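Peer 1: Okay, handing you the structure first.
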Amino acid sequence: MAADPQASAGRRGRRIAAAVVGLVIAGILALVIALRWSVTTDITHFLADQEDAELAAISSQLADSELTRAWIISVGGGDEDEVLAAARELGERLAAHPEVKWIQRGIEGGGGEAFYDLYFPRRLYFVSDRPAIEIPAKISDAGLAEAAQGLLRELSLPQATLIKEIAASDPLLIFPAIVRRLAAAESGGLRPVGDQLLSEDGHALIFLSTVHSPFDGAAMAPLAAAIGEATAAVNADHGGRLTFEESALARHALAAEASIRGDVTRISTISTIGLVLLFLVMFRAPRLVLLVMLPLAYGVLAALAATLALFGSIHGLTLAFGATLIGVAIDYSVHLFNHHMLEPDPAGPEGSVRRIWPGLLLGALTTIAGFVGLAWTSFPGLREIAVFACVGVAAALLSARLLLPPLMPWAPTPGRIQRLAATACERLVIGLRRRRRAIAALLLVALAVSAVGLSRVDFVDDIRAFSQIDEAILAEDERVRGQVSRMDAGRFVITIAGDEEAALQANDAVAAALGGAREAGELAEFRSLHDLIWSRALQEANLAALRSDPRLPARLDAAFAAAGFRPGALAAFSDALVAPQPPPLGLADLEASPLQGVVRSLKVDLGGRVGLLTLVRGVKRPEAIRARLQGIDGVHYFDQGAMMAAAYARYRERTIELVLVGLLLVLTMIAARYRRVGPALAAFLPAVLAAALTVATLALAGAAIHLLHVVALLLVLSMGVDYGVFLVESRDQVAGLAASVLSVVIAALSTILAFGLLGMSTYPALHALGATIGLGVLYSLILAPLSLSLLAAPPPEDRR
């Protein structure tokens, strides 16, 4: 029959209109993506920010503070003079780099003279951090007599020059005690040589802070390259004898970003080639292959645009997980193409899509229902994944419904391989319907394996399981940090308050509590700003305690005269007791002094609140330390590993609960569609059993299960339900069911191709996603036709 020219012209017009609309939409989405494109690997995206608000605030704010922006460079390999010269040259080269916020090599601003000007006029504020107990004893008659003997001993030493200068105005030797505390706090165990700090083994240390977050790869990569170039140039100037090592969180972040990008690029390329070949073999015409990919393209474009618009950037793991849309988005076009090519509707592509639309819509809605629950988790990263998946699936579905039909051929001819595959699927359907007992036995075996495997599940809630640590960078990092500080990594006490005075008062209490813990053997040592500054209240309590006895000047003069000092020689101290004092020392005073480096390392800005850190070493009884700190407001003992593990355990449990809620919603939707137990179970059971088998297989293989496995199971459940729905929708006709089975096979192969490769990634998070999804989709492919044949199949006759 000759084609109707008018109908052909109408189809061409609709095809052109669809192409134009599609291009306009794609252009708009691409423009949004180009204008807002930003990729991050910041692991704080996977820290909770609602259910444990205080923990989340501390974690996320510390993750982008001076602590994490620090970059330490160690210079060694030569004699002391050469190392000092090289460190000075390297510091000068790096100081001008725009990404370097500040750089420090040692004590700045005059050292001892600056300390004297800062503390000596305020010495009466720093007698004791337990003034109510120690000052009365110190200014008692016995205490004054002991102080006089102590001053005599100090004056007899060869290095008594400073003591002679201050003896008349500081006979209790308050200032020398302050200097000893300052020396320990300033160097942190390092040895000052001029304006440079050296480690015990003679390495010169350079400290710098970056302007941007260590997770900002665009900013960190040029700085890392500049440091490499600068160290190479300095080493060349010194004959290549020197060694340079670095410690910086940014180096780990850059390595992780390179690993993720490399894996994603490689796997995406191979997957795309594999998918194109698969579709060329099945559908033959390149035009049809491009059309099959259309829903995927729109799904990814819409998901990227929505995610960037809502969150401002997209995480690398979200980008990798977005590749899962290959499995979902292509399902819709593959399903439509198979039905249209193998059993075309007289009304053309529009008629074919209308015939299978209920199944497509139900599959998409159940997928969205499974992911939408993640929007209520406490993890920004998981909410980002939820938005990406939901928007991507919805966009893919709409493009398959509205854009594909006008662009599809009216009456395509299936290829030989497609016909052979459909015939094989038809025989499979008929064969399975005759072996229901065997199928029931197989499903029982699957249930038994699932039960055994699930009983052996080992959950791991360490956030480090998400990432891969470069062992060489880690070893270098530990060597450098070992030169700088012997404090435990990842363990500290943080004091948080709304203003400086409240923070310092709490910090005073922390120092007292940890001092008791040290005496009790609960920890070996701690380092705190308490060595440098006390709260205004404590400083004023010192002054008040000294002034509490109006007879102190006379008693002091008598006690020292009895020890051989000239009467009246201590008049300067007596005058200071009654004279107006300068304001108590504040953090701003320290930050403007040579001690600013110490303050930077132990003070963090927490969004308008003051955070003070106390570093600890050799913690033996963390529970006892927590108990000592429990009554101090705003104080937390922070063991990053333990606290994150506990938090992630709670959030993993919460995510599983949300997945179960999503499953209940999916089951409700399926039951409402089919209104019969058999078809509903046939659509729903393959997904649940495939997810259980996947976890069981991983557990039996010795893999520990973490949060990203749970997230990946969402896709397994979603695709498993899709497969079940597609088959149940075509259950009453063998020919239509054969087309649906072929669609499921092609969709599963495309996903396994993509995620089987992702499962071979060296990056743990990507490997977890790939292994879980690859196994789950394979099991769903096997279980969907088995469940249909057992639970929702008509009699075994070939009902065409």
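Please note that chains go A, B, ... in the order of the structure tokens, that every chain numbers its residues from 1, and that ligands are numbered from 1 in the order shown.
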Can you list, as a list in words, every protein, DNA or RNA residue that comes within 8 Å of segment 391-400 of chain A when you count only C-alpha atoms, leaving out same-chain residues fewer than 3 positions away?
Peer 2: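 The neighbour list is Leu294, Pro295, Leu296, Ala297, Tyr298, Gly299, Val300, Leu301, Ala302, Ala303, Ala306, Leu325, Val328, Ala329, Tyr332, Ser333, Leu360, Leu361, Ala364, Thr367, Ile368, Val387, Phe388, Leu403, Leu404 and Pro405 of chain A.
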Peer 1: Using DSSP secondary structure from the backbone, list all helix (DSSP H, G or I) positions within segment 687-738 of chain A, as an NGL selection string.
Peer 2: :A and (687-700 or 707-729 or 734-738)
Peer 1: Taking only segment 400-528 of chain A into account, list the residues labelled strand (DSSP E or B) by DSSP (computed from the backbone), as a PyMOL selection string.
Peer 2: chain A and resi 459+491-497+525-528
Peer 1: Select from segment 421-526 of chain A every residue with an atom at most 9 Å from any atom of segment 537-552 of chain A, then for each give the shortest pair of atoms and their distance in Å to one decimal, using only C-alpha atoms, rows by chain and rising number, as a tab-separated table.
Peer 2:
residue	atom	partner	partner_atom	distance
A:Glu501	CA	A:Ala537	CA	8.1
A:Gln505	CA	A:Ala537	CA	7.4
A:Asp508	CA	A:Leu538	CA	8.1
Peer 1: Can you list, as a count of residues only, every protein, DNA or RNA residue that comes within 9 Å of Ala369 of chain A when you count only C-alpha atoms, leaving out same-chain residues fewer than 2 positions away?
Peer 2: 13
Peer 1: Report, in Å to a single decimal, how far apart atom CA of Ala712 of chain A and atom CA of Asn338 of chain A are.
Peer 2: 27.6 Å
Peer 1: From the set A:Leu717, A:Ala225, A:Val599, A:Leu118, which residue has the shortest atom-to-atom contact distance to Ala691 of chain A, counting only C-alpha atoms?
Peer 2: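 Of the candidates, the smallest distance to Ala691 of chain A is held by A:Leu717.
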Peer 1: Given only C-alpha atoms as the basis, pick out the residue of A:Arg481, A:Ile28, A:Leu277, A:Pro349 nearest to Ala70 of chain A.
Peer 2: A:Arg481
Peer 1: Give the answer as one residue: which of A:Tyr116, A:Phe565, A:Arg628, A:Thr243 has the shortest atom-to-atom distance to Leu155 of chain A, using only C-alpha atoms?
Peer 2: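 Closest to Leu155 of chain A, using only C-alpha atoms: A:Phe565.
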Peer 1: What separation in Å, quoted to one decimal, exists between atom CA of Gly490 of chain A and atom CA of Thr762 of chain A?
Peer 2: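 Separating atom CA of Gly490 of chain A from atom CA of Thr762 of chain A is a distance of 25.4 Å.
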Peer 1: Would you mind listing what lies within 9 Å of Pro553 of chain A as a compact mmCIF listing (two decimals) with N, CA, C and O atoms, in the first residue's frame, with only C-alpha atoms counted and same-chain residues fewer than 3 positions away left out?
Peer 2:
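Ended up saving to around_1.txt:
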# COMPACT_ATOMS: atom_id res chain seq x y z
N ASP A 549 45.43 40.24 101.12
CA ASP A 549 46.09 40.52 102.40
C ASP A 549 46.78 41.88 102.31
O ASP A 549 47.83 42.00 101.68
N PRO A 550 46.22 42.90 102.93
CA PRO A 550 46.86 44.23 102.84
C PRO A 550 48.24 44.28 103.49
O PRO A 550 49.02 45.19 103.22
N LEU A 556 56.19 40.40 103.04
CA LEU A 556 57.12 40.03 101.99
C LEU A 556 58.50 40.63 102.27
O LEU A 556 59.53 39.95 102.19
N ASP A 557 58.54 41.91 102.64
CA ASP A 557 59.81 42.59 102.90
C ASP A 557 60.52 41.93 104.07
O ASP A 557 61.74 41.71 104.02
N ALA A 558 59.75 41.58 105.10
CA ALA A 558 60.36 40.96 106.29
C ALA A 558 60.91 39.58 105.96
O ALA A 558 62.01 39.21 106.39
N LEU A 570 62.32 45.37 97.66
CA LEU A 570 61.22 44.85 96.84
C LEU A 570 60.07 45.84 96.74
O LEU A 570 58.92 45.47 96.51
N ALA A 571 60.39 47.13 96.90
CA ALA A 571 59.35 48.15 96.86
C ALA A 571 58.63 48.19 95.52
O ALA A 571 57.43 48.47 95.46
N PHE A 573 57.73 45.70 93.64
CA PHE A 573 56.67 44.69 93.65
C PHE A 573 55.51 45.15 94.54
O PHE A 573 54.33 45.00 94.18
N SER A 574 55.85 45.74 95.68
CA SER A 574 54.80 46.22 96.57
C SER A 574 53.99 47.32 95.90
O SER A 574 52.75 47.35 96.03
N ASP A 575 54.66 48.20 95.16
CA ASP A 575 53.93 49.26 94.45
C ASP A 575 53.02 48.67 93.37
O ASP A 575 51.90 49.15 93.15
N LEU A 577 51.51 45.88 93.40
CA LEU A 577 50.33 45.25 93.99
C LEU A 577 49.16 46.22 94.12
O LEU A 577 48.00 45.82 93.99
Peer 1: Using only C-alpha atoms, which protein or nucleic acid residues come within 8 Å of Leu775 of chain A? Drop anything in the same chain fewer than 3 positions from it, and give the result as a ChimeraX atom specification.
Peer 2: /A:694,752,771-772,778-779
Peer 1: Go ahead and save the picked residues with N, CA, C and O atoms, as a compact mmCIF listing (two decimals), in the first residue's frame.
Peer 2:
# COMPACT_ATOMS: atom_id res chain seq x y z
N THR A 694 22.21 -10.22 47.09
CA THR A 694 23.40 -9.40 46.86
C THR A 694 24.17 -9.18 48.15
O THR A 694 25.40 -9.39 48.21
N ILE A 752 24.97 -4.19 33.85
CA ILE A 752 26.07 -5.03 34.30
C ILE A 752 27.36 -4.63 33.61
O ILE A 752 28.44 -4.62 34.22
N ALA A 771 30.03 -3.24 42.63
CA ALA A 771 29.82 -4.63 43.00
C ALA A 771 28.38 -4.89 43.43
O ALA A 771 27.77 -5.89 43.04
N THR A 772 27.83 -3.98 44.21
CA THR A 772 26.46 -4.15 44.70
C THR A 772 25.47 -4.09 43.54
O THR A 772 24.58 -4.95 43.42
N LEU A 778 22.12 -8.56 38.14
CA LEU A 778 22.20 -9.93 37.63
C LEU A 778 21.17 -10.83 38.31
O LEU A 778 20.45 -11.60 37.64
N TYR A 779 21.08 -10.72 39.63
CA TYR A 779 20.08 -11.52 40.35
C TYR A 779 18.66 -11.12 39.96
O TYR A 779 17.78 -11.98 39.84
Peer 1: Which of these, A:Leu157, A:Val460, A:Cys425, A:Ile746, has the shortest distance to Arg650 of chain A once you count only C-alpha atoms?
Peer 2: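 Under the stated criterion, the closest residue is A:Val460.
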Peer 1: How many Å separate atom CA of Leu67 of chain A from atom CA of Phe207 of chain A?
Peer 2: 11.4 Å
Peer 1: Nearest residue to Ala218 of chain A out of A:Val39, A:Ala95, A:Ala232, A:Ile705, using only C-alpha atoms?
Peer 2: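 Nearest candidate to Ala218 of chain A out of A:Val39, A:Ala95, A:Ala232, A:Ile705: A:Val39.
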Peer 1: With a distance cut-off of 12 Å and only C-alpha atoms, select the neighbouring residues of Leu514 of chain A, excluding the residue or stretch itself and same-chain residues fewer than 3 positions from it, and output the selection as a PDB file with N, CA, C and O atoms, in the first residue's frame.
Peer 2:
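Writing done, so here's selection_11.pdb:
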ATOM      1  N   PHE A 492      41.209  15.031  70.207  1.00  0.00           N
ATOM      2  CA  PHE A 492      41.395  16.307  70.873  1.00  0.00           C
ATOM      3  C   PHE A 492      40.139  16.636  71.654  1.00  0.00           C
ATOM      4  O   PHE A 492      39.094  16.000  71.501  1.00  0.00           O
ATOM      5  N   VAL A 493      40.263  17.648  72.487  1.00  0.00           N
ATOM      6  CA  VAL A 493      39.120  18.203  73.207  1.00  0.00           C
ATOM      7  C   VAL A 493      38.825  19.553  72.588  1.00  0.00           C
ATOM      8  O   VAL A 493      39.741  20.345  72.359  1.00  0.00           O
ATOM      9  N   ASN A 507      37.818  26.511  78.873  1.00  0.00           N
ATOM     10  CA  ASN A 507      39.148  25.975  78.587  1.00  0.00           C
ATOM     11  C   ASN A 507      39.962  25.840  79.876  1.00  0.00           C
ATOM     12  O   ASN A 507      40.741  24.896  80.018  1.00  0.00           O
ATOM     13  N   ASP A 508      39.783  26.787  80.804  1.00  0.00           N
ATOM     14  CA  ASP A 508      40.436  26.668  82.114  1.00  0.00           C
ATOM     15  C   ASP A 508      39.982  25.390  82.818  1.00  0.00           C
ATOM     16  O   ASP A 508      40.793  24.648  83.392  1.00  0.00           O
ATOM     17  N   ALA A 509      38.685  25.131  82.762  1.00  0.00           N
ATOM     18  CA  ALA A 509      38.146  23.937  83.412  1.00  0.00           C
ATOM     19  C   ALA A 509      38.646  22.664  82.729  1.00  0.00           C
ATOM     20  O   ALA A 509      38.915  21.653  83.396  1.00  0.00           O
ATOM     21  N   VAL A 510      38.784  22.715  81.401  1.00  0.00           N
ATOM     22  CA  VAL A 510      39.307  21.564  80.661  1.00  0.00           C
ATOM     23  C   VAL A 510      40.737  21.270  81.099  1.00  0.00           C
ATOM     24  O   VAL A 510      41.109  20.105  81.331  1.00  0.00           O
ATOM     25  N   ALA A 511      41.554  22.295  81.205  1.00  0.00           N
ATOM     26  CA  ALA A 511      42.946  22.106  81.614  1.00  0.00           C
ATOM     27  C   ALA A 511      43.019  21.483  83.002  1.00  0.00           C
ATOM     28  O   ALA A 511      43.845  20.589  83.258  1.00  0.00           O
ATOM     29  N   ALA A 517      43.422  14.019  84.944  1.00  0.00           N
ATOM     30  CA  ALA A 517      43.501  12.780  84.172  1.00  0.00           C
ATOM     31  C   ALA A 517      44.953  12.361  83.962  1.00  0.00           C
ATOM     32  O   ALA A 517      45.276  11.162  84.014  1.00  0.00           O
ATOM     33  N   ARG A 518      45.831  13.330  83.763  1.00  0.00           N
ATOM     34  CA  ARG A 518      47.247  13.005  83.594  1.00  0.00           C
ATOM     35  C   ARG A 518      47.835  12.426  84.883  1.00  0.00           C
ATOM     36  O   ARG A 518      48.574  11.435  84.843  1.00  0.00           O
ATOM     37  N   GLU A 519      47.478  13.013  85.986  1.00  0.00           N
ATOM     38  CA  GLU A 519      47.968  12.497  87.265  1.00  0.00           C
ATOM     39  C   GLU A 519      47.435  11.098  87.544  1.00  0.00           C
ATOM     40  O   GLU A 519      48.114  10.274  88.174  1.00  0.00           O
ATOM     41  N   ALA A 520      46.214  10.809  87.054  1.00  0.00           N
ATOM     42  CA  ALA A 520      45.612   9.495  87.287  1.00  0.00           C
ATOM     43  C   ALA A 520      46.052   8.463  86.262  1.00  0.00           C
ATOM     44  O   ALA A 520      45.615   7.303  86.325  1.00  0.00           O
ATOM     45  N   GLY A 521      46.879   8.861  85.296  1.00  0.00           N
ATOM     46  CA  GLY A 521      47.359   7.925  84.293  1.00  0.00           C
ATOM     47  C   GLY A 521      46.377   7.646  83.178  1.00  0.00           C
ATOM     48  O   GLY A 521      46.536   6.671  82.436  1.00  0.00           O
ATOM     49  N   GLU A 522      45.360   8.499  83.021  1.00  0.00           N
ATOM     50  CA  GLU A 522      44.347   8.278  81.984  1.00  0.00           C
ATOM     51  C   GLU A 522      44.801   8.791  80.623  1.00  0.00           C
ATOM     52  O   GLU A 522      44.259   8.394  79.594  1.00  0.00           O
ATOM     53  N   LEU A 523      45.783   9.684  80.616  1.00  0.00           N
ATOM     54  CA  LEU A 523      46.426  10.130  79.382  1.00  0.00           C
ATOM     55  C   LEU A 523      47.838  10.553  79.709  1.00  0.00           C
ATOM     56  O   LEU A 523      48.160  10.820  80.887  1.00  0.00           O
ATOM     57  N   ALA A 524      48.683  10.592  78.689  1.00  0.00           N
ATOM     58  CA  ALA A 524      50.090  10.902  78.927  1.00  0.00           C
ATOM     59  C   ALA A 524      50.351  12.398  78.978  1.00  0.00           C
ATOM     60  O   ALA A 524      51.100  12.879  79.829  1.00  0.00           O
ATOM     61  N   GLU A 525      49.761  13.163  78.055  1.00  0.00           N
ATOM     62  CA  GLU A 525      50.074  14.585  77.968  1.00  0.00           C
ATOM     63  C   GLU A 525      48.971  15.299  77.217  1.00  0.00           C
ATOM     64  O   GLU A 525      48.158  14.689  76.517  1.00  0.00           O
ATOM     65  N   PHE A 526      48.938  16.636  77.352  1.00  0.00           N
ATOM     66  CA  PHE A 526      48.028  17.448  76.552  1.00  0.00           C
ATOM     67  C   PHE A 526      48.656  18.809  76.312  1.00  0.00           C
ATOM     68  O   PHE A 526      49.548  19.245  77.055  1.00  0.00           O
ATOM     69  N   ARG A 527      48.194  19.456  75.257  1.00  0.00           N
ATOM     70  CA  ARG A 527      48.700  20.776  74.876  1.00  0.00           C
ATOM     71  C   ARG A 527      47.515  21.687  74.659  1.00  0.00           C
ATOM     72  O   ARG A 527      46.609  21.368  73.901  1.00  0.00           O
ATOM     73  N   SER A 528      47.533  22.842  75.344  1.00  0.00           N
ATOM     74  CA  SER A 528      46.352  23.699  75.360  1.00  0.00           C
ATOM     75  C   SER A 528      46.747  25.169  75.331  1.00  0.00           C
ATOM     76  O   SER A 528      47.855  25.546  75.737  1.00  0.00           O
ATOM     77  N   HIS A 530      45.655  27.054  77.315  1.00  0.00           N
ATOM     78  CA  HIS A 530      45.733  27.396  78.745  1.00  0.00           C
ATOM     79  C   HIS A 530      47.172  27.688  79.161  1.00  0.00           C
ATOM     80  O   HIS A 530      47.400  28.405  80.144  1.00  0.00           O
ATOM     81  N   THR A 614      42.245  21.448  72.515  1.00  0.00           N
ATOM     82  CA  THR A 614      43.275  20.912  73.393  1.00  0.00           C
ATOM     83  C   THR A 614      43.712  19.583  72.810  1.00  0.00           C
ATOM     84  O   THR A 614      42.902  18.651  72.686  1.00  0.00           O
ATOM     85  N   LEU A 615      44.977  19.486  72.401  1.00  0.00           N
ATOM     86  CA  LEU A 615      45.501  18.260  71.812  1.00  0.00           C
ATOM     87  C   LEU A 615      45.918  17.300  72.916  1.00  0.00           C
ATOM     88  O   LEU A 615      46.368  17.726  73.990  1.00  0.00           O
ATOM     89  N   VAL A 616      45.770  16.008  72.671  1.00  0.00           N
ATOM     90  CA  VAL A 616      46.072  15.011  73.694  1.00  0.00           C
ATOM     91  C   VAL A 616      47.000  13.947  73.119  1.00  0.00           C
ATOM     92  O   VAL A 616      47.078  13.752  71.910  1.00  0.00           O
ATOM     93  N   ARG A 617      47.685  13.255  74.025  1.00  0.00           N
ATOM     94  CA  ARG A 617      48.571  12.154  73.630  1.00  0.00           C
ATOM     95  C   ARG A 617      48.447  11.024  74.642  1.00  0.00           C
ATOM     96  O   ARG A 617      48.327  11.248  75.842  1.00  0.00           O
ATOM     97  N   VAL A 619      46.081   8.613  75.154  1.00  0.00           N
ATOM     98  CA  VAL A 619      44.817   8.419  75.872  1.00  0.00           C
ATOM     99  C   VAL A 619      44.631   6.934  76.142  1.00  0.00           C
ATOM    100  O   VAL A 619      44.595   6.120  75.211  1.00  0.00           O
ATOM    101  N   ARG A 621      42.224   5.869  78.764  1.00  0.00           N
ATOM    102  CA  ARG A 621      40.857   5.630  79.241  1.00  0.00           C
ATOM    103  C   ARG A 621      39.948   6.754  78.750  1.00  0.00           C
ATOM    104  O   ARG A 621      39.659   7.709  79.480  1.00  0.00           O
ATOM    105  N   PRO A 622      39.499   6.686  77.502  1.00  0.00           N
ATOM    106  CA  PRO A 622      38.661   7.764  76.961  1.00  0.00           C
ATOM    107  C   PRO A 622      37.358   7.946  77.725  1.00  0.00           C
ATOM    108  O   PRO A 622      36.870   9.060  77.851  1.00  0.00           O
ATOM    109  N   ALA A 624      36.910   7.626  80.925  1.00  0.00           N
ATOM    110  CA  ALA A 624      37.199   8.406  82.134  1.00  0.00           C
ATOM    111  C   ALA A 624      37.381   9.878  81.798  1.00  0.00           C
ATOM    112  O   ALA A 624      36.937  10.765  82.544  1.00  0.00           O
ATOM    113  N   ILE A 625      38.009  10.157  80.659  1.00  0.00           N
ATOM    114  CA  ILE A 625      38.206  11.553  80.249  1.00  0.00           C
ATOM    115  C   ILE A 625      36.860  12.193  79.928  1.00  0.00           C
ATOM    116  O   ILE A 625      36.596  13.344  80.327  1.00  0.00           O
ATOM    117  N   ARG A 626      35.995  11.487  79.227  1.00  0.00           N
ATOM    118  CA  ARG A 626      34.659  12.020  78.938  1.00  0.00           C
ATOM    119  C   ARG A 626      33.912  12.311  80.232  1.00  0.00           C
ATOM    120  O   ARG A 626      33.197  13.309  80.333  1.00  0.00           O
ATOM    121  N   ALA A 627      34.060  11.436  81.214  1.00  0.00           N
ATOM    122  CA  ALA A 627      33.378  11.638  82.490  1.00  0.00           C
ATOM    123  C   ALA A 627      33.896  12.894  83.186  1.00  0.00           C
ATOM    124  O   ALA A 627      33.118  13.651  83.778  1.00  0.00           O
ATOM    125  N   ARG A 628      35.197  13.140  83.119  1.00  0.00           N
ATOM    126  CA  ARG A 628      35.758  14.340  83.747  1.00  0.00           C
ATOM    127  C   ARG A 628      35.264  15.620  83.060  1.00  0.00           C
ATOM    128  O   ARG A 628      35.122  16.658  83.707  1.00  0.00           O
ATOM    129  N   LEU A 629      35.029  15.530  81.745  1.00  0.00           N
ATOM    130  CA  LEU A 629      34.630  16.718  80.981  1.00  0.00           C
ATOM    131  C   LEU A 629      33.121  16.905  80.930  1.00  0.00           C
ATOM    132  O   LEU A 629      32.641  17.935  80.442  1.00  0.00           O
ATOM    133  N   TYR A 637      34.975  15.748  74.039  1.00  0.00           N
ATOM    134  CA  TYR A 637      36.153  14.946  73.732  1.00  0.00           C
ATOM    135  C   TYR A 637      35.923  14.340  72.360  1.00  0.00           C
ATOM    136  O   TYR A 637      34.941  13.636  72.130  1.00  0.00           O
TER     137      TYR A 637
END
